[in-house]
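So this one's target_6.txt, compact mmCIF, C-alpha atoms:
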```
# COMPACT_ATOMS: atom_id res chain seq x y z
CA MET A 1 32.17 7.83 2.49
CA ASN A 2 30.74 9.88 5.34
CA ALA A 3 27.73 8.85 7.40
CA GLN A 4 25.34 11.11 5.50
CA ALA A 5 26.44 9.61 2.19
CA ALA A 6 26.25 6.05 3.46
CA ASN A 7 22.64 6.32 4.53
CA TRP A 8 21.16 6.16 1.03
CA PRO A 9 19.25 2.96 1.86
CA ASP A 10 17.49 4.82 4.68
CA ARG A 11 16.60 7.60 2.30
CA LEU A 12 15.25 5.05 -0.16
CA PHE A 13 13.13 3.71 2.67
CA ASN A 14 11.84 7.23 3.35
CA THR A 15 10.93 7.49 -0.34
CA PHE A 16 8.97 4.23 0.00
CA LYS A 17 7.08 5.65 2.96
CA ARG A 18 6.26 8.93 1.23
CA ALA A 19 5.10 7.00 -1.84
CA GLY A 20 2.81 4.77 0.21
CA ILE A 21 4.55 1.52 -0.73
CA ARG A 22 2.76 -1.32 1.06
CA GLN A 23 4.34 -4.47 -0.38
CA VAL A 24 8.03 -5.07 -0.99
CA GLY A 25 9.14 -8.24 -2.77
CA TYR A 26 12.78 -9.23 -2.78
CA VAL A 27 15.32 -11.97 -3.20
CA PRO A 28 17.89 -11.36 -0.43
CA ASP A 29 20.80 -9.25 -1.62
CA ALA A 30 23.75 -7.78 0.26
CA GLY A 31 23.41 -4.39 -1.44
CA HIS A 32 19.78 -4.15 -0.36
CA ALA A 33 20.38 -5.56 3.14
CA ARG A 34 19.76 -2.30 4.99
CA LEU A 35 16.62 -1.45 2.99
CA ILE A 36 15.29 -4.98 3.48
CA ASP A 37 15.83 -4.67 7.24
CA ARG A 38 13.96 -1.37 7.32
CA CYS A 39 11.02 -2.81 5.35
CA ARG A 40 10.87 -5.91 7.56
CA ALA A 41 10.75 -3.73 10.66
CA ASP A 42 7.87 -1.59 9.39
CA PRO A 43 4.43 -2.95 10.34
CA LYS A 44 2.78 -1.07 7.46
CA ILE A 45 4.95 -2.73 4.82
CA ARG A 46 4.47 -6.38 3.93
CA ASP A 47 7.88 -7.81 3.09
CA VAL A 48 7.64 -10.77 0.75
CA VAL A 49 10.77 -12.85 0.33
CA LEU A 50 10.71 -14.53 -3.07
CA THR A 51 12.28 -17.68 -4.46
CA THR A 52 12.93 -15.95 -7.80
CA GLU A 53 12.57 -12.37 -8.92
CA GLU A 54 9.86 -13.04 -11.48
CA GLU A 55 7.54 -13.84 -8.60
CA GLY A 56 7.94 -10.21 -7.58
CA VAL A 57 6.78 -8.97 -10.98
CA ALA A 58 3.57 -10.98 -10.61
CA LEU A 59 3.21 -9.93 -6.96
CA ALA A 60 3.39 -6.27 -7.99
CA ALA A 61 0.67 -6.80 -10.60
CA GLY A 62 -1.60 -8.39 -8.01
CA ALA A 63 -0.92 -5.62 -5.51
CA TRP A 64 -1.91 -2.96 -8.04
CA LEU A 65 -5.05 -4.87 -9.02
CA GLY A 66 -5.96 -4.68 -5.35
CA GLY A 67 -5.15 -0.97 -5.10
CA GLU A 68 -1.75 -1.14 -3.39
CA ARG A 69 1.63 0.19 -4.40
CA SER A 70 4.62 -2.11 -4.23
CA ALA A 71 8.31 -2.25 -5.07
CA ILE A 72 10.67 -5.07 -5.89
CA LEU A 73 14.34 -5.31 -4.94
CA MET A 74 16.90 -7.41 -6.73
CA GLN A 75 20.43 -7.50 -8.02
CA SER A 76 21.31 -7.28 -11.68
CA SER A 77 21.33 -11.05 -12.19
CA GLY A 78 17.72 -11.13 -10.96
CA LEU A 79 16.52 -8.98 -13.82
CA GLY A 80 17.28 -11.85 -16.16
CA ASN A 81 14.83 -14.00 -14.21
CA CYS A 82 12.04 -11.46 -14.81
CA ILE A 83 12.01 -11.07 -18.56
CA ASN A 84 8.97 -13.04 -19.68
CA MET A 85 6.95 -11.99 -16.63
CA LEU A 86 7.52 -8.38 -17.66
CA SER A 87 5.15 -9.19 -20.54
CA LEU A 88 2.40 -9.15 -17.92
CA THR A 89 3.51 -5.71 -16.79
CA ARG A 90 3.65 -4.37 -20.32
CA SER A 91 0.52 -6.02 -21.71
CA CYS A 92 -1.59 -4.63 -18.90
CA ARG A 93 0.42 -1.49 -18.28
CA PHE A 94 1.02 -2.24 -14.63
CA PRO A 95 3.20 0.11 -12.64
CA LEU A 96 6.46 -1.54 -11.60
CA LEU A 97 9.08 0.05 -9.36
CA MET A 98 12.31 -1.95 -9.50
CA LEU A 99 15.40 -1.23 -7.43
CA ILE A 100 18.37 -3.07 -8.89
CA THR A 101 21.81 -3.27 -7.30
CA MET A 102 24.44 -3.68 -9.98
CA ARG A 103 27.10 -6.36 -10.10
CA GLY A 104 29.71 -7.12 -12.68
CA GLU A 105 30.61 -3.58 -13.56
CA TRP A 106 33.13 -2.20 -11.02
CA GLU A 107 35.82 -3.95 -9.00
CA GLU A 108 33.95 -7.20 -9.57
CA PHE A 109 35.81 -10.24 -8.36
CA ASN A 110 33.33 -12.76 -9.73
CA PRO A 111 33.40 -12.90 -13.54
CA TRP A 112 30.11 -14.82 -13.61
CA GLN A 113 28.33 -11.59 -12.66
CA GLU A 114 29.50 -9.78 -15.77
CA PRO A 115 27.35 -11.37 -18.53
CA MET A 116 24.02 -10.33 -17.00
CA GLY A 117 25.28 -7.12 -15.38
CA SER A 118 26.52 -5.88 -18.75
CA ILE A 119 23.13 -6.25 -20.45
CA VAL A 120 20.86 -4.85 -17.74
CA GLU A 121 20.42 -1.47 -19.42
CA PRO A 122 19.78 -2.71 -22.96
CA VAL A 123 17.36 -5.35 -21.70
CA LEU A 124 15.44 -2.78 -19.68
CA LYS A 125 15.28 -0.49 -22.71
CA LEU A 126 13.91 -3.31 -24.86
CA CYS A 127 11.25 -3.79 -22.17
CA GLU A 128 10.32 -0.11 -22.44
CA ALA A 129 11.46 0.60 -18.89
CA GLU A 130 12.65 4.02 -17.81
CA ILE A 131 16.13 3.79 -16.30
CA TYR A 132 17.33 5.88 -13.36
CA ARG A 133 21.04 5.27 -12.84
CA ALA A 134 22.44 6.33 -9.47
CA ARG A 135 26.23 6.47 -9.23
CA LYS A 136 26.65 8.68 -6.17
CA PRO A 137 24.93 8.43 -2.79
CA ASP A 138 23.37 11.86 -2.96
CA GLU A 139 21.69 11.06 -6.28
CA VAL A 140 19.78 8.05 -5.03
CA GLU A 141 16.82 9.67 -3.32
CA GLY A 142 16.03 12.18 -6.06
CA LEU A 143 16.17 9.51 -8.76
CA ALA A 144 14.01 7.19 -6.71
CA GLU A 145 11.42 9.95 -6.28
CA SER A 146 11.33 10.44 -10.05
CA ALA A 147 10.99 6.69 -10.57
CA VAL A 148 8.04 6.56 -8.17
CA GLN A 149 6.30 9.32 -10.09
CA LEU A 150 6.79 7.60 -13.42
CA ALA A 151 5.87 4.11 -12.22
CA PHE A 152 2.64 4.97 -10.46
CA GLY A 153 1.71 8.12 -12.34
CA ASP A 154 2.21 6.75 -15.84
CA GLU A 155 1.74 3.06 -14.97
CA ARG A 156 5.08 2.06 -16.40
CA ILE A 157 8.24 0.20 -15.50
CA ALA A 158 10.74 2.37 -13.63
CA ALA A 159 14.09 0.83 -12.77
CA VAL A 160 16.50 2.51 -10.35
CA LEU A 161 19.96 1.09 -10.97
CA LEU A 162 22.24 1.34 -7.96
CA SER A 163 25.79 1.30 -9.27
CA GLN A 164 28.33 -1.04 -7.80
CA GLU A 165 30.42 1.90 -6.54
CA LEU A 166 27.55 2.70 -4.18
CA ILE A 167 27.44 -0.78 -2.76
CA GLY A 168 31.16 -1.28 -2.36
CA LYS A 169 33.34 -4.27 -3.02
CA LYS A 170 32.25 -7.67 -1.87
CA VAL A 171 34.79 -9.13 0.55
CA TRP A 172 35.73 -12.60 -0.69
CA THR A 173 38.38 -13.63 1.82
CA LYS A 174 38.22 -13.03 5.54
CA MET B 175 -3.42 -45.24 -11.67
CA SER B 176 -7.17 -45.29 -12.10
CA GLN B 177 -8.64 -42.57 -9.97
CA ALA B 178 -11.98 -40.84 -10.49
CA ARG B 179 -11.66 -37.53 -12.26
CA LEU B 180 -14.00 -34.60 -12.71
CA GLU B 181 -15.05 -32.77 -15.85
CA ARG B 182 -13.41 -29.36 -15.88
CA ARG B 183 -16.25 -27.08 -17.03
CA ALA B 184 -18.70 -28.58 -14.57
CA ALA B 185 -16.09 -28.40 -11.82
CA MET B 186 -15.47 -24.67 -12.43
CA ALA B 187 -19.22 -23.98 -12.56
CA THR B 188 -19.75 -25.81 -9.26
CA LEU B 189 -16.94 -23.91 -7.54
CA LEU B 190 -18.30 -20.53 -8.59
CA GLU B 191 -22.02 -21.14 -8.26
CA GLY B 192 -23.65 -18.39 -6.22
CA ARG B 193 -20.39 -16.49 -6.27
CA SER B 194 -20.21 -13.42 -4.04
CA ASP B 195 -19.00 -10.02 -5.27
CA ASP B 196 -16.28 -10.36 -2.69
CA LEU B 197 -14.66 -13.31 -4.46
CA LEU B 198 -11.87 -12.29 -6.83
CA VAL B 199 -10.70 -14.90 -9.32
CA VAL B 200 -7.38 -15.24 -11.12
CA PRO B 201 -7.16 -18.18 -13.54
CA GLY B 202 -3.99 -19.41 -15.17
CA LEU B 203 -3.45 -18.91 -18.87
CA GLY B 204 -5.10 -21.40 -21.19
CA SER B 205 -7.73 -23.92 -20.19
CA THR B 206 -8.58 -22.56 -16.73
CA ALA B 207 -9.12 -19.10 -18.27
CA TRP B 208 -11.53 -20.61 -20.80
CA ASP B 209 -13.26 -22.56 -18.01
CA LEU B 210 -13.66 -19.37 -15.99
CA ALA B 211 -14.99 -17.42 -18.99
CA ALA B 212 -17.48 -20.24 -19.61
CA THR B 213 -19.07 -19.58 -16.20
CA GLY B 214 -19.96 -16.06 -17.39
CA ASP B 215 -17.90 -12.92 -17.57
CA ASN B 216 -17.27 -10.94 -14.40
CA ASP B 217 -15.33 -7.73 -13.76
CA ARG B 218 -13.75 -9.47 -10.78
CA ASN B 219 -12.01 -12.01 -13.02
CA PHE B 220 -8.48 -11.20 -14.06
CA TYR B 221 -7.93 -13.47 -17.06
CA LEU B 222 -4.36 -14.27 -17.99
CA TRP B 223 -3.33 -14.73 -21.60
CA GLY B 224 0.33 -15.14 -20.67
CA ALA B 225 2.47 -14.77 -17.52
CA MET B 226 2.84 -18.54 -17.22
CA GLY B 227 3.90 -19.39 -13.68
CA GLY B 228 2.60 -16.10 -12.32
CA ALA B 229 -1.02 -16.77 -11.38
CA ALA B 230 -0.42 -17.75 -7.75
CA MET B 231 1.81 -14.74 -7.14
CA ILE B 232 -0.72 -12.35 -8.69
CA GLY B 233 -3.18 -13.91 -6.28
CA LEU B 234 -0.81 -13.32 -3.36
CA GLY B 235 -0.29 -9.64 -4.15
CA LEU B 236 -4.03 -9.21 -4.58
CA ALA B 237 -4.90 -11.08 -1.38
CA LEU B 238 -2.45 -8.98 0.64
CA ALA B 239 -3.89 -5.78 -0.84
CA GLN B 240 -7.53 -6.81 -0.31
CA PRO B 241 -7.67 -8.56 3.06
CA GLN B 242 -11.43 -8.02 3.34
CA ARG B 243 -12.13 -10.02 0.16
CA ARG B 244 -11.34 -13.61 -0.81
CA VAL B 245 -9.07 -14.44 -3.71
CA ALA B 246 -9.17 -17.71 -5.64
CA VAL B 247 -6.36 -18.61 -8.02
CA ILE B 248 -7.64 -21.43 -10.21
CA THR B 249 -4.91 -22.68 -12.48
CA GLY B 250 -3.59 -25.76 -14.25
CA ASP B 251 -0.85 -28.18 -13.24
CA GLY B 252 1.50 -27.01 -16.00
CA GLU B 253 1.08 -23.37 -15.01
CA LEU B 254 1.67 -24.09 -11.34
CA LEU B 255 4.68 -26.31 -12.05
CA MET B 256 6.34 -23.33 -13.75
CA GLY B 257 5.86 -21.24 -10.62
CA MET B 258 6.25 -23.94 -8.00
CA GLY B 259 8.50 -21.68 -5.92
CA SER B 260 5.53 -19.40 -5.42
CA LEU B 261 4.00 -22.11 -3.20
CA ALA B 262 7.03 -21.68 -0.92
CA THR B 263 6.54 -17.90 -0.96
CA ILE B 264 2.82 -18.24 -0.22
CA GLY B 265 3.58 -20.86 2.43
CA ILE B 266 5.42 -18.34 4.54
CA GLN B 267 3.03 -15.42 3.91
CA ARG B 268 -0.14 -17.46 4.43
CA PRO B 269 -2.77 -14.79 3.84
CA ALA B 270 -6.06 -15.99 5.33
CA ASN B 271 -8.01 -14.90 2.23
CA LEU B 272 -6.06 -16.74 -0.49
CA ALA B 273 -7.05 -20.04 -2.08
CA VAL B 274 -4.88 -21.71 -4.70
CA ILE B 275 -6.73 -24.39 -6.62
CA VAL B 276 -5.03 -26.50 -9.24
CA PHE B 277 -7.05 -28.24 -11.92
CA ASP B 278 -4.72 -31.18 -12.34
CA ASN B 279 -5.26 -33.22 -15.48
CA GLY B 280 -1.67 -34.38 -15.86
CA VAL B 281 -1.27 -32.88 -19.33
CA TYR B 282 -0.48 -29.65 -21.14
CA GLY B 283 -3.83 -29.28 -22.87
CA GLU B 284 -3.14 -26.14 -24.87
CA THR B 285 -0.11 -27.57 -26.61
CA GLY B 286 -1.28 -31.02 -27.60
CA MET B 287 -1.83 -33.04 -24.43
CA GLN B 288 1.81 -33.75 -23.67
CA PRO B 289 2.23 -35.32 -20.21
CA SER B 290 3.05 -33.03 -17.31
CA HIS B 291 5.18 -33.98 -14.31
CA THR B 292 2.09 -34.72 -12.24
CA GLN B 293 1.24 -37.66 -14.49
CA SER B 294 4.55 -39.25 -13.55
CA GLY B 295 4.23 -38.87 -9.82
CA VAL B 296 4.92 -35.25 -8.90
CA ASN B 297 2.33 -34.49 -6.25
CA LEU B 298 1.38 -30.82 -6.04
CA LEU B 299 -0.76 -31.49 -2.98
CA SER B 300 2.29 -32.77 -1.12
CA VAL B 301 4.34 -29.83 -2.36
CA ALA B 302 1.78 -27.36 -1.03
CA GLY B 303 1.70 -29.15 2.33
CA ALA B 304 5.48 -29.25 2.49
CA CYS B 305 5.52 -25.51 1.82
CA GLY B 306 3.53 -24.88 4.99
CA ILE B 307 0.03 -24.39 3.62
CA ASP B 308 -2.07 -25.83 6.44
CA LEU B 309 -5.32 -26.60 4.67
CA CYS B 310 -4.66 -28.83 1.64
CA LEU B 311 -7.60 -30.60 0.06
CA ASP B 312 -7.59 -33.53 -2.35
CA VAL B 313 -10.68 -33.24 -4.53
CA HIS B 314 -11.63 -35.98 -6.97
CA ASP B 315 -15.38 -36.51 -6.65
CA ALA B 316 -18.64 -34.58 -6.47
CA ALA B 317 -18.72 -34.56 -2.69
CA GLY B 318 -15.20 -33.16 -2.43
CA LEU B 319 -16.01 -30.55 -5.04
CA ALA B 320 -19.17 -29.47 -3.21
CA ASP B 321 -17.15 -29.19 0.00
CA LEU B 322 -14.52 -27.04 -1.74
CA ALA B 323 -17.24 -24.81 -3.27
CA GLU B 324 -18.67 -24.23 0.19
CA ARG B 325 -15.25 -23.52 1.68
CA LEU B 326 -14.57 -20.94 -1.04
CA LYS B 327 -17.36 -18.85 0.48
CA THR B 328 -16.13 -19.12 4.06
CA PHE B 329 -12.44 -20.02 4.31
CA THR B 330 -10.37 -18.16 6.86
CA THR B 331 -6.96 -19.73 6.34
CA THR B 332 -4.75 -20.14 3.29
CA LEU B 333 -6.20 -22.98 1.30
CA PHE B 334 -4.75 -25.22 -1.38
CA ALA B 335 -6.79 -27.72 -3.33
CA ARG B 336 -5.87 -30.19 -6.00
CA VAL B 337 -8.86 -31.00 -8.16
CA LEU B 338 -8.30 -34.06 -10.30
CA ILE B 339 -9.90 -33.47 -13.67
CA GLU B 340 -10.16 -35.42 -16.90
CA ALA B 341 -7.81 -34.65 -19.75
CA SER B 342 -10.58 -33.26 -21.93
CA GLU B 343 -10.59 -30.31 -24.28
CA PRO B 344 -13.97 -28.57 -24.34
CA PRO B 345 -14.51 -25.80 -26.90
CA ARG B 346 -12.65 -22.62 -26.06
CA VAL B 347 -14.58 -19.74 -24.54
CA LEU B 348 -12.38 -16.74 -25.09
CA PRO B 349 -12.57 -13.81 -22.66
CA LEU B 350 -11.51 -10.22 -23.20
CA ARG B 351 -7.81 -10.12 -24.01
CA ASP B 352 -6.99 -6.43 -23.75
CA GLY B 353 -4.81 -6.43 -20.64
CA VAL B 354 -5.23 -2.74 -19.90
CA ALA B 355 -9.02 -3.03 -20.09
CA LEU B 356 -8.98 -6.13 -17.86
CA LYS B 357 -6.87 -4.29 -15.30
CA GLN B 358 -8.98 -1.15 -15.33
CA ARG B 359 -12.32 -2.84 -15.01
CA PHE B 360 -11.02 -5.06 -12.22
CA ARG B 361 -9.73 -2.08 -10.25
CA ALA B 362 -12.92 -0.13 -10.90
CA ALA B 363 -15.02 -3.03 -9.58
CA LEU B 364 -12.97 -2.89 -6.38
CA GLY B 365 -13.11 0.88 -6.12
CA ALA B 366 -9.33 1.02 -6.55
CA ASN B 367 -9.19 3.52 -9.42
```
For the structure just supplied, provide its representation as structure tokens.
Amino acid sequence: MNAQAANWPDRLFNTFKRAGIRQVGYVPDAGHARLIDRCRADPKIRDVVLTTEEEGVALAAGAWLGGERSAILMQSSGLGNCINMLSLTRSCRFPLLMLITMRGEWEEFNPWQEPMGSIVEPVLKLCEAEIYRARKPDEVEGLAESAVQLAFGDERIAAVLLSQELIGKKVWTK
Amino acid sequence: MSQARLERRAAMATLLEGRSDDLLVVPGLGSTAWDLAATGDNDRNFYLWGAMGGAAMIGLGLALAQPQRRVAVITGDGELLMGMGSLATIGIQRPANLAVIVFDNGVYGETGMQPSHTQSGVNLLSVAGACGIDLCLDVHDAAGLADLAERLKTFTTTLFARVLIEASEPPRVLPLRDGVALKQRFRAALGAN
């Protein structure tokens, strides 16, 4: 992967800036590490580290009530923690921009990641979310831009799925 | 444990008496939403009919987005227990304009008065303090309630209050339950649309 291809987290950050994202909620995640660092370093973005991903769903609702755009970052297992709180999003038609790094689908060493990873897409569909699946680095930014438009323009759930090939293998032994 | 307890409807009315347009209120689902509705409807109330465990985090997102206004989350012990991690999240963000107030009656009133953890010794006031919220108030009488009501108009640091209330079940006062309408009128009242 060349340097241009590897900088997709920076391009996601640029998308956040163009979209006017002011709050970013996240549970720390290796795949989102670079994007989290960029958000933490930006004085105009409030980074909110969460104890569980569903907090981020509620945070995003509050942000929108107050007139701010937000995004939440998580890995695929975190989506499972959000399900009931997404009722808030759907009942009130809140915009929700979710960026989800995928586990359990490619070169996965840890079989415990597979059960949730394998049902991310069907679960999102049941929740009436629009899914934007990025498999290659150069797809990420364009898909994220589309997700921003749908989330905040239509006040809907837009989920950008960042495939495990993008993130790379987790190193288990050093 | 025999400690004085306050009546919930009167407590809510006292807290919101003379309420400013710059106070935004998020109740939890269930009893605190009915208590809030009983004080009179207001576009700056965002009633919850679900999202159990989410009230404090909605308050956090709102407080961060509206730093020039004050936000009061007024929820029940059962609701807050479900989102207890959010006290940790709020404890490190500490927005100066956020108050989280728990009406603690030690029971799940909406489901038949089953005991909650707080009845058996879980202390939400201690939890909030341990999470780094500097101003934590223990309210169990009229003087404490009056003090909290006054602070709600003037506080300039993240505030947590536990209000001990009786396990009573006053008649329900049901607010608007169309979530989209609640969201739109709230945003319109803030000029956010």
### Message
Should the cut-off be 7 Å, what would the residue list for chain B against chain A look like, counting all atoms listed in the file, as an NGL selection string?
### Response
:B and (224-225 or 228 or 231-236 or 239-240 or 259-260 or 263 or 353-354 or 357 or 360-361 or 366)
### Message
One number please: CA of Ala33 (chain A) to CA of Thr15 (chain A), in Å, one decimal.
### Response
16.5 Å
### Task
Calculate how many Å separate CA of Leu150 (chain A) from CA of Pro95 (chain A), rounding to one decimal.
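Separation between CA of Leu150 (chain A) and CA of Pro95 (chain A): 8.3 Å.
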### Task
Return the single residue from B:Val281, B:Leu333, B:Cys305, B:Leu189 that is closest to Asp251 (chain B), with distances computed using only C-alpha atoms.
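Closest residue, counting only C-alpha atoms: B:Val281.
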### Query
Pick from A:Leu124, A:Glu53, A:Asn7, A:Ile157: nearest to Cys82 (chain A), with all atoms listed in the file counted?
A:Glu53
### Selection near region 129-138 of chain A, 12 Å with all atoms listed in the file, sequence-local residues under 6 positions removed, as a PyMOL selection string
chain A and resi 1-12+79+83+86-87+89-90+93-102+105-106+120-123+144-151+154-168
### Residue neighbourhood Glu340 (chain B), 9 Å, only C-alpha atoms, exclusion window fewer than 4 positions, as a PyMOL selection string
chain B and resi 178-182+278-280
### Task
Between B:Asp352, B:Glu253, B:Asp321, B:Asp217, single out the one closest to Ala185 (chain B), counting all atoms listed in the file.
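The answer is B:Asp321, which sits nearest to Ala185 (chain B).
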### Query
Any idea what the distance is between CA of Met186 (chain B) and CA of Val247 (chain B)?
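Computing the Euclidean distance for CA of Met186 (chain B) and CA of Val247 (chain B) yields 11.8 Å.
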